[in-house]
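Report on the structure given below.
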Number of protein chains: 2
Amino acid sequence: MQATAEILTQHGIRPSIQRTTVLRYLRGVKTHPTVDEIYQALLPENPSLSRTTVYNTLELLSENGLVLTLDFGEGFLRYDADCSPHCHFRCSCCGHVFDIMTAPPDCSAMLPKGFKLKGVQLSLSGTCAACSKTRYV
Amino acid sequence: MQATAEILTQHGIRPSIQRTTVLRYLRGVKTHPTVDEIYQALLPENPSLSRTTVYNTLELLSENGLVLTLDFGEGFLRYDADCSPHCHFRCSCCGHVFDIMTAPPDCSAMLPKGFKLKGVQLSLSGTCAACSKTRYV
DNA sequence: CTCTTTATTTGTAACGATTACAAATATATA
DNA sequence: TATATATTTGTAATCGTTACAAATAAAGAG
């Protein structure tokens, strides 16, 4: 696993402690955390960390393609350091977000003439295996 | 085109003036309007209309599958009365949302065992034809 | 028709995620 | 060491949405 600070440097981002900490945390986690979850997780070890810095950092990382911004219509955003092409499944019962490690389909043929495709986001929803077992949900 | 009030009745929803007005407006428009756009559009003809009623009505319509709630990560929701299976393309340059009248792919095979698929939302982004013509955007 | 109950609408206040902003701090450059 | 630039911090503001209770409208019983 490549050092986090190194990745930042390679993308022309100065690897401050805050930026490195946020990216390292995100790379070590599979839960697609929210801003607040990230902030709360890092606070104990970084008592001077500001919520604004987390916001700023995530925007910077997202702009530079180091992080994926996920929107499941929950009213807040989630972040994912795994930028490989994959999809997400959100269980409408327990709210958990699962990675689906299949690349989203090639959609370039769908577009009208002259349109240029940049991003494809395939969001699936339904009930996960655990919740499906529980009846009447 | 089926009468709007009739559609509501068929879904067990009492066709109040407000509900009928909101749904009729949404069915006559191809712009995926926001709550505020709907509210502002209807206000002149319905001066007593409340923003809360628009919110309530859209939630009710959405629950009953009469309306699609769209989230493009703009910080607010958009609504679409066309519930046929199709995708959306949002131009990151001009912000316009285009209908792509192709059904989203069948994704049931992507899911792990025991998962039940309910909804598939395929959101495309990039630059539309008009914005692509303009250089340096 | 009234009376009573229920459903719907309305407006205001609260909420919560995000953003704006300016002061404080850290880092780089001369 | 001095100066300029970048980054962080904390507070206040913004804005879409939701909660809530009063007001109004509609439905049902007698």
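We name chains A, B, ... following the order of the structure tokens; residues begin at 1 in each chain, and ligands are numbered from 1 as shown.
Near chain B, the residues of chain D that fall inside 10 Å (using only C-alpha atoms (C1' of nucleotides)) are DC15, DG16, DT17, DT18, DA25 and DA26 of chain D.
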Could you please tell me, as a ChimeraX atom specification, which residues of chain B have an atom within 10 Å of chain C when using only C-alpha atoms (C1' of nucleotides)?
/B:14,16,18,48-53,56,75
Using only C-alpha atoms, I'd like every residue of chain B that has an atom within 9 Å of chain A; please write them out as an MDAnalysis selection string.
chainID B and resid 70:73 75:77 89 91 100:102 105 107 110:133
Would you save the residues from that selection as a CSV table (one decimal), in the first residue's frame, using C-alpha atoms?
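New file again27.csv:
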chain,number,residue,atom,x,y,z
B,70,LEU,CA,-34.2,12.7,-8.6
B,71,ASP,CA,-31.0,13.6,-6.8
B,72,PHE,CA,-28.1,15.0,-8.7
B,73,GLY,CA,-26.1,16.0,-5.7
B,75,GLY,CA,-28.1,20.0,-2.6
B,76,PHE,CA,-31.8,19.8,-3.6
B,77,LEU,CA,-34.1,17.3,-5.2
B,89,PHE,CA,-27.8,13.1,-18.0
B,91,CYS,CA,-24.6,18.8,-17.9
B,100,ILE,CA,-32.1,9.6,-21.8
B,101,MET,CA,-35.0,7.5,-23.0
B,102,THR,CA,-33.1,4.2,-22.7
B,105,PRO,CA,-29.5,-2.0,-17.6
B,107,CYS,CA,-28.5,-5.2,-12.6
B,110,MET,CA,-24.6,-7.9,-9.9
B,111,LEU,CA,-26.0,-8.4,-6.5
B,112,PRO,CA,-24.8,-10.9,-3.9
B,113,LYS,CA,-27.0,-13.8,-2.9
B,114,GLY,CA,-30.0,-12.9,-0.8
B,115,PHE,CA,-30.1,-9.2,-1.9
B,116,LYS,CA,-33.3,-8.0,-3.4
B,117,LEU,CA,-33.2,-5.2,-6.0
B,118,LYS,CA,-35.9,-2.6,-5.9
B,119,GLY,CA,-34.6,0.5,-7.7
B,120,VAL,CA,-31.9,1.3,-10.2
B,121,GLN,CA,-30.8,4.9,-10.8
B,122,LEU,CA,-28.3,5.5,-13.6
B,123,SER,CA,-27.1,9.1,-13.5
B,124,LEU,CA,-24.8,10.3,-16.3
B,125,SER,CA,-22.8,13.5,-16.2
B,126,GLY,CA,-20.6,15.4,-18.6
B,127,THR,CA,-21.2,18.2,-21.1
B,128,CYS,CA,-24.2,18.6,-23.3
B,129,ALA,CA,-23.9,19.2,-27.1
B,130,ALA,CA,-24.4,23.0,-26.7
B,131,CYS,CA,-21.8,23.3,-24.0
B,132,SER,CA,-19.3,21.1,-25.8
B,133,LYS,CA,-19.3,23.5,-28.7
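Closest to Leu43 in chain A among A:Thr9, A:Tyr25, A:Asp106, A:Lys30 is A:Tyr25, based on only C-alpha atoms.
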I'd like to know which residues of chain B are strand (DSSP E) (by DSSP, run on the backbone); could you write them as a PyMOL selection string?
chain B and resi 68-71+77-80+87-91+97-100+116-127
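Put simply, CA of Val22 in chain A is 7.2 Å away from CA of Val54 in chain A.
The space separating CA of Ile13 in chain A from CA of Ser84 in chain A comes to 20.7 Å.
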Those of chain B in DSSP alpha helix (DSSP H), formatted as a compact mmCIF listing (two decimals) with C-alpha atoms, in the first residue's frame:
# COMPACT_ATOMS: atom_id res chain seq x y z
CA THR B 4 -54.89 14.05 -13.45
CA ALA B 5 -57.57 13.85 -10.76
CA GLU B 6 -58.54 10.42 -12.04
CA ILE B 7 -54.98 9.15 -11.64
CA LEU B 8 -54.93 10.29 -8.04
CA THR B 9 -58.25 8.60 -7.32
CA GLN B 10 -57.04 5.37 -8.88
CA ILE B 17 -57.02 21.03 -5.75
CA GLN B 18 -53.45 21.30 -4.50
CA ARG B 19 -52.52 17.71 -5.27
CA THR B 20 -54.13 17.81 -8.68
CA THR B 21 -52.45 21.10 -9.51
CA VAL B 22 -48.99 19.86 -8.53
CA LEU B 23 -49.28 16.58 -10.40
CA ARG B 24 -50.81 18.22 -13.49
CA TYR B 25 -47.98 20.74 -13.59
CA LEU B 26 -45.35 18.04 -13.23
CA ARG B 27 -46.94 15.96 -15.96
CA VAL B 35 -39.64 22.08 -5.19
CA ASP B 36 -39.13 25.80 -5.37
CA GLU B 37 -39.55 25.91 -9.12
CA ILE B 38 -42.84 24.06 -8.77
CA TYR B 39 -43.95 26.34 -5.97
CA GLN B 40 -43.03 29.53 -7.85
CA ALA B 41 -44.69 28.30 -11.03
CA LEU B 42 -48.00 27.55 -9.33
CA ARG B 51 -44.57 25.53 0.19
CA THR B 52 -45.19 22.87 2.80
CA THR B 53 -48.11 21.54 0.78
CA VAL B 54 -45.84 21.19 -2.23
CA TYR B 55 -43.38 19.21 -0.11
CA ASN B 56 -46.16 17.06 1.37
CA THR B 57 -47.74 16.43 -2.00
CA LEU B 58 -44.49 15.45 -3.67
CA GLU B 59 -43.71 13.04 -0.87
CA LEU B 60 -47.17 11.51 -1.19
CA LEU B 61 -46.89 11.22 -4.96
CA SER B 62 -43.43 9.74 -4.67
CA GLU B 63 -44.56 7.14 -2.14
CA ALA B 129 -23.91 19.25 -27.07
CA ALA B 130 -24.41 22.98 -26.72
CA CYS B 131 -21.78 23.35 -24.00
CA SER B 132 -19.35 21.06 -25.83
CA LYS B 133 -19.27 23.51 -28.72
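CA of Gly65 in chain A is found 9.2 Å from CA of Ala81 in chain A.
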